[in-house]
>>> print(open('target_39.txt').read())   # compact mmCIF, C-alpha atoms
# COMPACT_ATOMS: atom_id res chain seq x y z
CA MET A 1 128.64 -97.18 20.88
CA SER A 2 128.29 -93.44 21.43
CA VAL A 3 126.14 -90.76 23.01
CA THR A 4 125.24 -87.28 21.81
CA VAL A 5 125.93 -84.49 24.29
CA LEU A 6 124.02 -81.20 24.07
CA TYR A 7 125.46 -77.95 25.45
CA PHE A 8 123.46 -74.93 26.59
CA ALA A 9 124.15 -71.40 27.85
CA SER A 10 127.56 -70.99 29.50
CA LEU A 11 128.46 -74.62 28.80
CA ARG A 12 127.90 -74.09 25.07
CA ASP A 13 130.06 -70.97 25.10
CA ALA A 14 132.84 -72.80 26.95
CA ALA A 15 132.65 -75.90 24.73
CA GLY A 16 132.41 -73.79 21.57
CA ARG A 17 129.71 -76.07 20.13
CA ASP A 18 126.02 -77.00 20.51
CA SER A 19 126.55 -80.74 20.56
CA GLU A 20 128.95 -83.55 19.83
CA GLN A 21 129.13 -87.33 19.64
CA LEU A 22 131.26 -89.00 22.27
CA PRO A 23 132.08 -92.59 23.16
CA LEU A 24 129.63 -94.23 25.57
CA PRO A 25 130.85 -93.24 29.04
CA ALA A 26 130.85 -95.47 32.13
CA SER A 27 128.57 -93.06 33.96
CA LEU A 28 127.02 -89.61 33.64
CA PRO A 29 129.17 -88.08 36.43
CA GLU A 30 132.29 -89.46 34.74
CA LEU A 31 131.23 -87.96 31.42
CA TYR A 32 130.68 -84.56 33.03
CA MET A 33 134.02 -84.75 34.84
CA GLN A 34 135.84 -85.46 31.55
CA LEU A 35 134.07 -82.62 29.76
CA ARG A 36 134.60 -80.22 32.63
CA GLU A 37 138.30 -80.86 32.44
CA ARG A 38 138.41 -80.63 28.64
CA TYR A 39 136.42 -77.39 28.32
CA ARG A 40 137.18 -75.82 31.72
CA PHE A 41 133.51 -75.62 32.74
CA PRO A 42 133.45 -73.56 35.92
CA LEU A 43 130.34 -75.28 37.32
CA PRO A 44 130.80 -78.33 39.55
CA GLN A 45 128.52 -81.33 39.01
CA GLU A 46 126.54 -80.56 42.20
CA LYS A 47 125.25 -77.35 40.60
CA LEU A 48 123.88 -79.13 37.53
CA ARG A 49 121.01 -81.41 36.66
CA VAL A 50 121.25 -83.97 33.90
CA ALA A 51 118.71 -84.94 31.25
CA VAL A 52 118.67 -87.98 28.98
CA ASP A 53 116.53 -88.07 25.84
CA GLY A 54 114.69 -84.90 26.82
CA GLU A 55 113.85 -85.88 30.40
CA PHE A 56 115.48 -85.10 33.72
CA VAL A 57 117.09 -88.21 35.21
CA ALA A 58 119.12 -89.08 38.31
CA TRP A 59 122.90 -88.81 37.95
CA GLU A 60 123.13 -92.55 38.73
CA THR A 61 121.13 -93.46 35.59
CA PRO A 62 123.36 -95.68 33.41
CA PRO A 63 124.07 -94.12 30.00
CA ARG A 64 122.76 -96.10 27.02
CA PRO A 65 124.20 -96.18 23.50
CA GLY A 66 122.52 -93.68 21.21
CA SER A 67 121.04 -91.55 23.97
CA VAL A 68 121.10 -87.75 24.03
CA VAL A 69 122.63 -86.35 27.21
CA ALA A 70 122.27 -82.73 28.32
CA PHE A 71 123.90 -81.16 31.35
CA ILE A 72 121.58 -78.47 32.69
CA PRO A 73 123.24 -75.51 34.41
CA PRO A 74 121.12 -73.46 36.87
CA VAL A 75 118.19 -72.03 34.93
CA SER A 76 117.26 -68.34 34.68
CA GLY A 77 113.92 -68.06 32.89
CA GLY A 78 110.95 -66.09 34.11
CA MET B 1 95.42 -77.88 23.88
CA LYS B 2 98.91 -77.28 25.19
CA ARG B 3 99.08 -75.18 28.35
CA PHE B 4 102.77 -74.24 28.06
CA ALA B 5 104.55 -72.87 25.03
CA LEU B 6 107.80 -71.25 24.00
CA SER B 7 107.56 -68.33 21.61
CA ALA B 8 110.28 -66.95 19.37
CA GLY B 9 108.16 -63.83 18.66
CA PRO B 10 106.67 -61.06 20.84
CA LEU B 11 103.92 -61.95 23.33
CA ASP B 12 100.53 -60.24 23.04
CA SER B 13 98.86 -60.44 26.44
CA ALA B 14 95.48 -59.31 25.09
CA ALA B 15 95.49 -62.19 22.61
CA LEU B 16 96.78 -64.70 25.16
CA ARG B 17 93.98 -63.71 27.57
CA GLN B 18 91.35 -64.72 25.00
CA ARG B 19 92.18 -68.40 25.36
CA LEU B 20 91.25 -68.30 29.05
CA LEU B 21 87.71 -66.96 28.61
CA ASP B 22 85.21 -69.32 30.22
CA PRO B 23 81.69 -68.62 31.53
CA SER B 24 82.37 -70.64 34.72
CA ALA B 25 85.42 -68.54 35.67
CA GLY B 26 84.91 -65.70 38.14
CA ALA B 27 88.57 -64.75 38.55
CA CYS B 28 91.54 -64.30 36.27
CA ALA B 29 95.03 -63.63 37.59
CA SER B 30 97.80 -62.98 35.14
CA PHE B 31 101.45 -62.10 35.36
CA GLU B 32 103.83 -60.52 32.88
CA GLY B 33 107.56 -60.68 33.44
CA TRP B 34 109.18 -57.70 31.70
CA VAL B 35 112.75 -57.12 30.61
CA ARG B 36 114.17 -54.45 32.92
CA ASN B 37 117.10 -52.14 32.26
CA HIS B 38 119.18 -53.07 35.30
CA HIS B 39 120.53 -56.10 37.12
CA GLN B 40 122.50 -55.89 40.38
CA GLY B 41 123.46 -52.28 39.70
CA ARG B 42 124.50 -52.81 36.06
CA ARG B 43 122.69 -51.21 33.16
CA VAL B 44 121.13 -53.84 30.93
CA THR B 45 120.57 -52.98 27.27
CA GLY B 46 118.86 -56.20 26.17
CA LEU B 47 118.91 -59.94 26.58
CA ARG B 48 118.48 -63.27 24.90
CA TYR B 49 116.66 -66.32 26.21
CA GLU B 50 117.78 -69.74 25.15
CA ALA B 51 115.80 -72.90 25.93
CA TYR B 52 116.29 -76.61 25.68
CA ALA B 53 112.97 -76.72 23.87
CA GLU B 54 112.08 -80.40 24.21
CA LEU B 55 112.74 -80.48 27.94
CA ALA B 56 111.36 -76.99 28.60
CA GLU B 57 108.05 -77.91 26.98
CA ARG B 58 107.87 -81.14 28.94
CA GLU B 59 108.65 -79.45 32.28
CA GLY B 60 106.34 -76.52 31.54
CA GLU B 61 103.43 -78.86 30.76
CA ALA B 62 104.15 -80.83 33.94
CA ILE B 63 104.07 -77.63 36.05
CA LEU B 64 100.75 -76.50 34.60
CA ALA B 65 99.22 -79.97 34.93
CA GLU B 66 100.34 -80.02 38.56
CA ALA B 67 98.85 -76.54 39.12
CA MET B 68 95.50 -77.85 37.85
CA THR B 69 95.53 -80.55 40.53
CA ARG B 70 96.97 -78.41 43.40
CA PHE B 71 94.57 -75.48 42.97
CA ALA B 72 90.85 -75.25 42.13
CA LEU B 73 91.36 -73.80 38.63
CA THR B 74 89.35 -73.48 35.46
CA ALA B 75 92.41 -73.04 33.24
CA ALA B 76 96.12 -72.24 33.37
CA ALA B 77 98.52 -71.20 30.63
CA CYS B 78 102.08 -69.95 30.33
CA VAL B 79 104.17 -68.72 27.40
CA HIS B 80 107.88 -67.96 27.66
CA ARG B 81 109.94 -66.04 25.13
CA THR B 82 113.09 -67.25 23.46
CA GLY B 83 115.47 -65.24 21.29
CA ASP B 84 116.43 -61.57 21.49
CA LEU B 85 114.39 -59.26 23.72
CA ALA B 86 114.50 -55.48 24.23
CA ILE B 87 113.90 -53.53 27.44
CA GLY B 88 110.17 -53.58 28.23
CA ASP B 89 109.39 -56.72 26.22
CA ILE B 90 107.31 -59.43 27.88
CA ALA B 91 109.60 -62.31 28.78
CA VAL B 92 106.97 -64.56 30.33
CA TRP B 93 103.19 -64.51 30.52
CA ILE B 94 101.07 -66.55 32.92
CA GLY B 95 97.29 -66.58 33.03
CA VAL B 96 95.13 -68.51 35.45
CA THR B 97 91.34 -68.64 35.84
CA ALA B 98 89.24 -70.03 38.68
CA SER B 99 85.78 -69.71 40.14
CA HIS B 100 87.20 -67.51 42.91
CA ARG B 101 90.16 -65.18 43.36
CA GLY B 102 92.11 -67.13 46.01
CA PRO B 103 93.22 -70.07 43.87
CA ALA B 104 93.81 -67.77 40.88
CA PHE B 105 96.27 -65.55 42.79
CA ASP B 106 97.95 -68.50 44.52
CA ALA B 107 98.36 -70.60 41.38
CA CYS B 108 99.70 -67.69 39.33
CA ARG B 109 102.54 -67.13 41.76
CA TRP B 110 103.20 -70.83 42.26
CA ILE B 111 103.47 -71.41 38.49
CA LEU B 112 105.93 -68.55 38.08
CA ASP B 113 108.11 -69.79 40.94
CA GLU B 114 108.17 -73.32 39.48
CA VAL B 115 108.95 -72.08 35.96
CA LYS B 116 111.84 -70.00 37.30
CA SER B 117 113.26 -72.88 39.27
CA ARG B 118 112.97 -75.86 36.90
CA VAL B 119 112.26 -75.04 33.25
CA PRO B 120 115.50 -75.16 31.23
CA ILE B 121 115.58 -71.59 29.93
CA TRP B 122 118.63 -69.36 30.32
CA LYS B 123 119.01 -65.60 30.24
CA HIS B 124 121.97 -64.00 28.49
CA GLU B 125 122.16 -60.37 29.60
CA HIS B 126 123.84 -57.65 27.55
CA TYR B 127 125.21 -54.73 29.54
CA ALA B 128 125.76 -51.07 28.67
CA ASP B 129 129.54 -51.47 29.04
CA GLY B 130 129.59 -54.04 26.21
CA ASP B 131 129.92 -57.05 28.48
CA ALA B 132 127.43 -59.96 28.40
CA ALA B 133 126.81 -62.87 30.75
CA TRP B 134 124.73 -66.00 31.22
CA LEU B 135 122.79 -65.98 34.45
CA HIS B 136 123.11 -69.18 36.47
CA PRO B 137 121.56 -68.35 39.84
CA GLY B 138 123.09 -70.17 42.78
CA ALA B 139 126.12 -71.33 40.76
>>> encode(input="target_39.txt", output="structure tokens")
Amino acid sequence: MSVTVLYFASLRDAAGRDSEQLPLPASLPELYMQLRERYRFPLPQEKLRVAVDGEFVAWETPPRPGSVVAFIPPVSGG
Amino acid sequence: MKRFALSAGPLDSAALRQRLLDPSAGACASFEGWVRNHHQGRRVTGLRYEAYAELAEREGEAILAEAMTRFALTAAACVHRTGDLAIGDIAVWIGVTASHRGPAFDACRWILDEVKSRVPIWKHEHYADGDAAWLHPGA
């Protein structure tokens, strides 16, 4: 039972990887908190959005085994 | 046809305009975002755009579909660059057609504002002093 986490922009630089497989977390905020601690992400959860399987979702959405989770730091296109 | 696209190669606004041509359109508003050589007083030498492609395409399509319902438009399209860009390159192109100018102007600006606020694309700026940084506005 695992999830794939994708990293972008400053989160990818801090994590030193594009993606990784991690054990299924209890919640998306808990997963971010763990990763923030591990990789010293400067951004607090309130500044991020979260996407599951290529779609934005609410932070309360329960993680499912096999899903692809991406934490989305503030965007800067355009 | 898809209204929103990411492009790894240079944008050609003359070619992009062709897809909007329609005999019922009386107005075309377009916008080009260019790479400029400065940001908050620092000299910028170039930049890179990175996107979460799957989500960016989904959000971009949703924005343009919403623009079609919010404004009286004939067509709307947007292409955003990814990869390495030089000063003066087109970073984003938006084109909107309508019967009349009002909705064309309004929709063009609205689309750009939405793209900037919610499409997962990030700018990595390279500065003249050798430094580089991801831009995360509001962080």
>>> closest_atom_pairs(input="target_39.txt", of="chain B", to="chain A", cutoff="12 Å", atoms="only C-alpha atoms", output="Markdown table")
| residue | atom | partner | partner_atom | distance |
| --- | --- | --- | --- | --- |
| B:Leu6 | CA | A:Gly77 | CA | 11.3 |
| B:Phe31 | CA | A:Gly78 | CA | 10.4 |
| B:Glu32 | CA | A:Gly78 | CA | 9.1 |
| B:Gly33 | CA | A:Gly78 | CA | 6.4 |
| B:Trp34 | CA | A:Gly78 | CA | 8.9 |
| B:Val35 | CA | A:Gly78 | CA | 9.8 |
| B:Leu47 | CA | A:Gly77 | CA | 11.4 |
| B:Arg48 | CA | A:Ala9 | CA | 10.3 |
| B:Tyr49 | CA | A:Gly77 | CA | 7.4 |
| B:Glu50 | CA | A:Ala9 | CA | 7.1 |
| B:Ala51 | CA | A:Phe8 | CA | 8.0 |
| B:Tyr52 | CA | A:Phe8 | CA | 7.4 |
| B:Ala53 | CA | A:Gly54 | CA | 8.9 |
| B:Glu54 | CA | A:Gly54 | CA | 5.8 |
| B:Leu55 | CA | A:Gly54 | CA | 5.0 |
| B:Ala56 | CA | A:Gly54 | CA | 8.8 |
| B:Glu57 | CA | A:Gly54 | CA | 9.6 |
| B:Arg58 | CA | A:Glu55 | CA | 7.8 |
| B:Glu59 | CA | A:Glu55 | CA | 8.5 |
| B:Gly60 | CA | A:Gly77 | CA | 11.4 |
| B:Ala62 | CA | A:Glu55 | CA | 11.5 |
| B:Cys78 | CA | A:Gly78 | CA | 10.4 |
| B:Val79 | CA | A:Gly78 | CA | 9.9 |
| B:His80 | CA | A:Gly78 | CA | 7.4 |
| B:Arg81 | CA | A:Gly77 | CA | 9.0 |
| B:Thr82 | CA | A:Gly77 | CA | 9.5 |
| B:Ile90 | CA | A:Gly78 | CA | 9.8 |
| B:Ala91 | CA | A:Gly78 | CA | 6.7 |
| B:Val92 | CA | A:Gly78 | CA | 5.7 |
| B:Trp93 | CA | A:Gly78 | CA | 8.7 |
| B:Ile94 | CA | A:Gly78 | CA | 10.0 |
| B:Arg109 | CA | A:Gly78 | CA | 11.4 |
| B:Ile111 | CA | A:Gly78 | CA | 10.2 |
| B:Leu112 | CA | A:Gly78 | CA | 6.9 |
| B:Asp113 | CA | A:Gly78 | CA | 8.3 |
| B:Glu114 | CA | A:Gly78 | CA | 9.4 |
| B:Val115 | CA | A:Gly78 | CA | 6.6 |
| B:Lys116 | CA | A:Gly78 | CA | 5.1 |
| B:Ser117 | CA | A:Val75 | CA | 6.6 |
| B:Arg118 | CA | A:Val75 | CA | 6.8 |
| B:Val119 | CA | A:Val75 | CA | 6.9 |
| B:Pro120 | CA | A:Val75 | CA | 5.5 |
| B:Ile121 | CA | A:Gly77 | CA | 4.9 |
| B:Trp122 | CA | A:Ser76 | CA | 4.7 |
| B:Lys123 | CA | A:Ser76 | CA | 5.5 |
| B:His124 | CA | A:Ala9 | CA | 7.7 |
| B:Glu125 | CA | A:Ser76 | CA | 10.6 |
| B:Ala132 | CA | A:Ser10 | CA | 11.1 |
| B:Ala133 | CA | A:Ser10 | CA | 8.2 |
| B:Trp134 | CA | A:Ser10 | CA | 6.0 |
| B:Leu135 | CA | A:Ser76 | CA | 6.0 |
| B:His136 | CA | A:Pro74 | CA | 4.7 |
| B:Pro137 | CA | A:Pro74 | CA | 5.9 |
| B:Gly138 | CA | A:Pro74 | CA | 7.0 |
| B:Ala139 | CA | A:Lys47 | CA | 6.1 |
>>> residues_near_point(input="target_39.txt", point="(96.7, -60.0, 27.7)", cutoff="9 Å", atoms="all atoms listed in the file", output="PyMOL selection string")
chain B and resi 11-18+30+32+93+95
>>> write_last_selection(input="target_39.txt", atoms="C-alpha atoms", output="short mmCIF file (atom, residue, chain, number, x, y, z; two decimals), in the coordinates of the input")
data_model
loop_
_atom_site.label_atom_id
_atom_site.label_comp_id
_atom_site.auth_asym_id
_atom_site.auth_seq_id
_atom_site.Cartn_x
_atom_site.Cartn_y
_atom_site.Cartn_z
CA LEU B 11 103.92 -61.95 23.33
CA ASP B 12 100.53 -60.24 23.04
CA SER B 13 98.86 -60.44 26.44
CA ALA B 14 95.48 -59.31 25.09
CA ALA B 15 95.49 -62.19 22.61
CA LEU B 16 96.78 -64.70 25.16
CA ARG B 17 93.98 -63.71 27.57
CA GLN B 18 91.35 -64.72 25.00
CA SER B 30 97.80 -62.98 35.14
CA GLU B 32 103.83 -60.52 32.88
CA TRP B 93 103.19 -64.51 30.52
CA GLY B 95 97.29 -66.58 33.03
#
>>> residues_around(input="target_39.txt", residues="Ser27 in chain A", least_positions_apart="5", cutoff="8 Å", atoms="only C-alpha atoms", output="list in words")
Glu60, Thr61, Pro62 and Pro63 of chain A
>>> atom_distance(input="target_39.txt", atom1="CA of Gln40 in chain B", atom2="CA of Trp110 in chain B")
24.5 Å
>>> atom_distance(input="target_39.txt", atom1="CA of His100 in chain B", atom2="CA of Phe71 in chain B")
10.9 Å
>>> closest_residue(input="target_39.txt", among="A:Val57, A:Ala26, A:Ala15, A:Val68", to="Arg38 in chain A", atoms="all atoms listed in the file")
A:Ala15
>>> atom_distance(input="target_39.txt", atom1="CA of Ala58 in chain A", atom2="CA of Ala14 in chain A")
24.1 Å
>>> axis_aligned_box(input="target_39.txt", around="range 55-63 of chain B", padding_each_side="8 Å", output="AutoDock Vina command-line options")
--center_x 108.1 --center_y -78.8 --center_z 31.5 --size_x 25.3 --size_y 20.6 --size_z 25.1
>>> closest_residue(input="target_39.txt", among="B:Ala77, B:Thr45, B:Thr69, B:Ala29", to="Lys2 in chain B", atoms="all atoms listed in the file")
B:Ala77
>>> residues_around(input="target_39.txt", residues="Tyr127 in chain B", least_positions_apart="6", cutoff="10 Å", atoms="only C-alpha atoms", output="count of residues only")
10
>>> closest_residue(input="target_39.txt", among="B:Cys28, B:Phe4, B:Arg70, B:Arg36", to="Leu85 in chain B", atoms="all atoms listed in the file")
B:Arg36
>>> residues_around(input="target_39.txt", residues="Tyr32 in chain A", least_positions_apart="2", cutoff="10 Å", atoms="all atoms listed in the file", output="list in words")
Val5, Pro25, Ser27, Leu28, Pro29, Glu30, Gln34, Leu35, Arg36, Glu37, Arg38, Phe41, Pro44, Gln45, Leu48, Val50, Ala70 and Phe71 of chain A
>>> build_atoms(input="target_39.txt", residues="range 38-59 of chain A", atoms="N, CA, C and O atoms", output="PDB file, in the coordinates of the input")
ATOM      1  N   ARG A  38     138.053 -80.979  30.020  1.00  0.00           N
ATOM      2  CA  ARG A  38     138.410 -80.630  28.640  1.00  0.00           C
ATOM      3  C   ARG A  38     138.081 -79.176  28.322  1.00  0.00           C
ATOM      4  O   ARG A  38     138.845 -78.473  27.680  1.00  0.00           O
ATOM      5  N   TYR A  39     136.884 -78.727  28.726  1.00  0.00           N
ATOM      6  CA  TYR A  39     136.420 -77.390  28.320  1.00  0.00           C
ATOM      7  C   TYR A  39     136.501 -76.356  29.447  1.00  0.00           C
ATOM      8  O   TYR A  39     136.051 -75.235  29.275  1.00  0.00           O
ATOM      9  N   ARG A  40     137.040 -76.748  30.593  1.00  0.00           N
ATOM     10  CA  ARG A  40     137.180 -75.820  31.720  1.00  0.00           C
ATOM     11  C   ARG A  40     135.830 -75.242  32.153  1.00  0.00           C
ATOM     12  O   ARG A  40     135.708 -74.041  32.389  1.00  0.00           O
ATOM     13  N   PHE A  41     134.801 -76.092  32.219  1.00  0.00           N
ATOM     14  CA  PHE A  41     133.510 -75.620  32.740  1.00  0.00           C
ATOM     15  C   PHE A  41     133.705 -75.193  34.185  1.00  0.00           C
ATOM     16  O   PHE A  41     134.236 -75.963  34.990  1.00  0.00           O
ATOM     17  N   PRO A  42     133.272 -73.984  34.533  1.00  0.00           N
ATOM     18  CA  PRO A  42     133.450 -73.560  35.920  1.00  0.00           C
ATOM     19  C   PRO A  42     132.493 -74.258  36.900  1.00  0.00           C
ATOM     20  O   PRO A  42     132.780 -74.322  38.087  1.00  0.00           O
ATOM     21  N   LEU A  43     131.362 -74.750  36.403  1.00  0.00           N
ATOM     22  CA  LEU A  43     130.340 -75.280  37.320  1.00  0.00           C
ATOM     23  C   LEU A  43     130.646 -76.711  37.758  1.00  0.00           C
ATOM     24  O   LEU A  43     130.860 -77.584  36.922  1.00  0.00           O
ATOM     25  N   PRO A  44     130.638 -76.958  39.076  1.00  0.00           N
ATOM     26  CA  PRO A  44     130.800 -78.330  39.550  1.00  0.00           C
ATOM     27  C   PRO A  44     129.523 -79.140  39.323  1.00  0.00           C
ATOM     28  O   PRO A  44     128.441 -78.559  39.193  1.00  0.00           O
ATOM     29  N   GLN A  45     129.656 -80.448  39.287  1.00  0.00           N
ATOM     30  CA  GLN A  45     128.520 -81.330  39.010  1.00  0.00           C
ATOM     31  C   GLN A  45     127.335 -81.066  39.952  1.00  0.00           C
ATOM     32  O   GLN A  45     126.177 -81.129  39.538  1.00  0.00           O
ATOM     33  N   GLU A  46     127.630 -80.755  41.224  1.00  0.00           N
ATOM     34  CA  GLU A  46     126.540 -80.560  42.200  1.00  0.00           C
ATOM     35  C   GLU A  46     125.610 -79.419  41.821  1.00  0.00           C
ATOM     36  O   GLU A  46     124.484 -79.350  42.298  1.00  0.00           O
ATOM     37  N   LYS A  47     126.086 -78.496  40.974  1.00  0.00           N
ATOM     38  CA  LYS A  47     125.250 -77.350  40.600  1.00  0.00           C
ATOM     39  C   LYS A  47     124.373 -77.657  39.385  1.00  0.00           C
ATOM     40  O   LYS A  47     123.577 -76.814  38.976  1.00  0.00           O
ATOM     41  N   LEU A  48     124.570 -78.820  38.771  1.00  0.00           N
ATOM     42  CA  LEU A  48     123.880 -79.130  37.530  1.00  0.00           C
ATOM     43  C   LEU A  48     122.846 -80.226  37.722  1.00  0.00           C
ATOM     44  O   LEU A  48     122.941 -81.034  38.642  1.00  0.00           O
ATOM     45  N   ARG A  49     121.874 -80.241  36.797  1.00  0.00           N
ATOM     46  CA  ARG A  49     121.010 -81.410  36.660  1.00  0.00           C
ATOM     47  C   ARG A  49     121.400 -82.066  35.340  1.00  0.00           C
ATOM     48  O   ARG A  49     122.120 -81.491  34.533  1.00  0.00           O
ATOM     49  N   VAL A  50     120.917 -83.280  35.154  1.00  0.00           N
ATOM     50  CA  VAL A  50     121.250 -83.970  33.900  1.00  0.00           C
ATOM     51  C   VAL A  50     119.958 -84.509  33.293  1.00  0.00           C
ATOM     52  O   VAL A  50     119.046 -84.937  34.017  1.00  0.00           O
ATOM     53  N   ALA A  51     119.881 -84.437  31.971  1.00  0.00           N
ATOM     54  CA  ALA A  51     118.710 -84.940  31.250  1.00  0.00           C
ATOM     55  C   ALA A  51     119.187 -85.948  30.209  1.00  0.00           C
ATOM     56  O   ALA A  51     120.263 -85.795  29.626  1.00  0.00           O
ATOM     57  N   VAL A  52     118.396 -86.994  30.024  1.00  0.00           N
ATOM     58  CA  VAL A  52     118.670 -87.980  28.980  1.00  0.00           C
ATOM     59  C   VAL A  52     117.427 -88.099  28.108  1.00  0.00           C
ATOM     60  O   VAL A  52     116.312 -88.267  28.628  1.00  0.00           O
ATOM     61  N   ASP A  53     117.628 -87.980  26.808  1.00  0.00           N
ATOM     62  CA  ASP A  53     116.530 -88.070  25.840  1.00  0.00           C
ATOM     63  C   ASP A  53     115.371 -87.138  26.196  1.00  0.00           C
ATOM     64  O   ASP A  53     114.190 -87.527  26.143  1.00  0.00           O
ATOM     65  N   GLY A  54     115.710 -85.912  26.587  1.00  0.00           N
ATOM     66  CA  GLY A  54     114.690 -84.900  26.820  1.00  0.00           C
ATOM     67  C   GLY A  54     113.932 -85.021  28.121  1.00  0.00           C
ATOM     68  O   GLY A  54     112.847 -84.447  28.261  1.00  0.00           O
ATOM     69  N   GLU A  55     114.494 -85.747  29.088  1.00  0.00           N
ATOM     70  CA  GLU A  55     113.850 -85.880  30.400  1.00  0.00           C
ATOM     71  C   GLU A  55     114.890 -85.812  31.490  1.00  0.00           C
ATOM     72  O   GLU A  55     115.958 -86.427  31.361  1.00  0.00           O
ATOM     73  N   PHE A  56     114.561 -85.110  32.581  1.00  0.00           N
ATOM     74  CA  PHE A  56     115.480 -85.100  33.720  1.00  0.00           C
ATOM     75  C   PHE A  56     115.620 -86.523  34.263  1.00  0.00           C
ATOM     76  O   PHE A  56     114.636 -87.256  34.348  1.00  0.00           O
ATOM     77  N   VAL A  57     116.844 -86.887  34.617  1.00  0.00           N
ATOM     78  CA  VAL A  57     117.090 -88.210  35.210  1.00  0.00           C
ATOM     79  C   VAL A  57     118.048 -88.027  36.400  1.00  0.00           C
ATOM     80  O   VAL A  57     118.665 -86.977  36.569  1.00  0.00           O
ATOM     81  N   ALA A  58     118.151 -89.079  37.213  1.00  0.00           N
ATOM     82  CA  ALA A  58     119.120 -89.080  38.310  1.00  0.00           C
ATOM     83  C   ALA A  58     120.519 -89.260  37.735  1.00  0.00           C
ATOM     84  O   ALA A  58     120.694 -89.924  36.695  1.00  0.00           O
ATOM     85  N   TRP A  59     121.505 -88.687  38.413  1.00  0.00           N
ATOM     86  CA  TRP A  59     122.900 -88.810  37.950  1.00  0.00           C
ATOM     87  C   TRP A  59     123.343 -90.267  37.890  1.00  0.00           C
ATOM     88  O   TRP A  59     124.267 -90.617  37.135  1.00  0.00           O
TER      89      TRP A  59
END
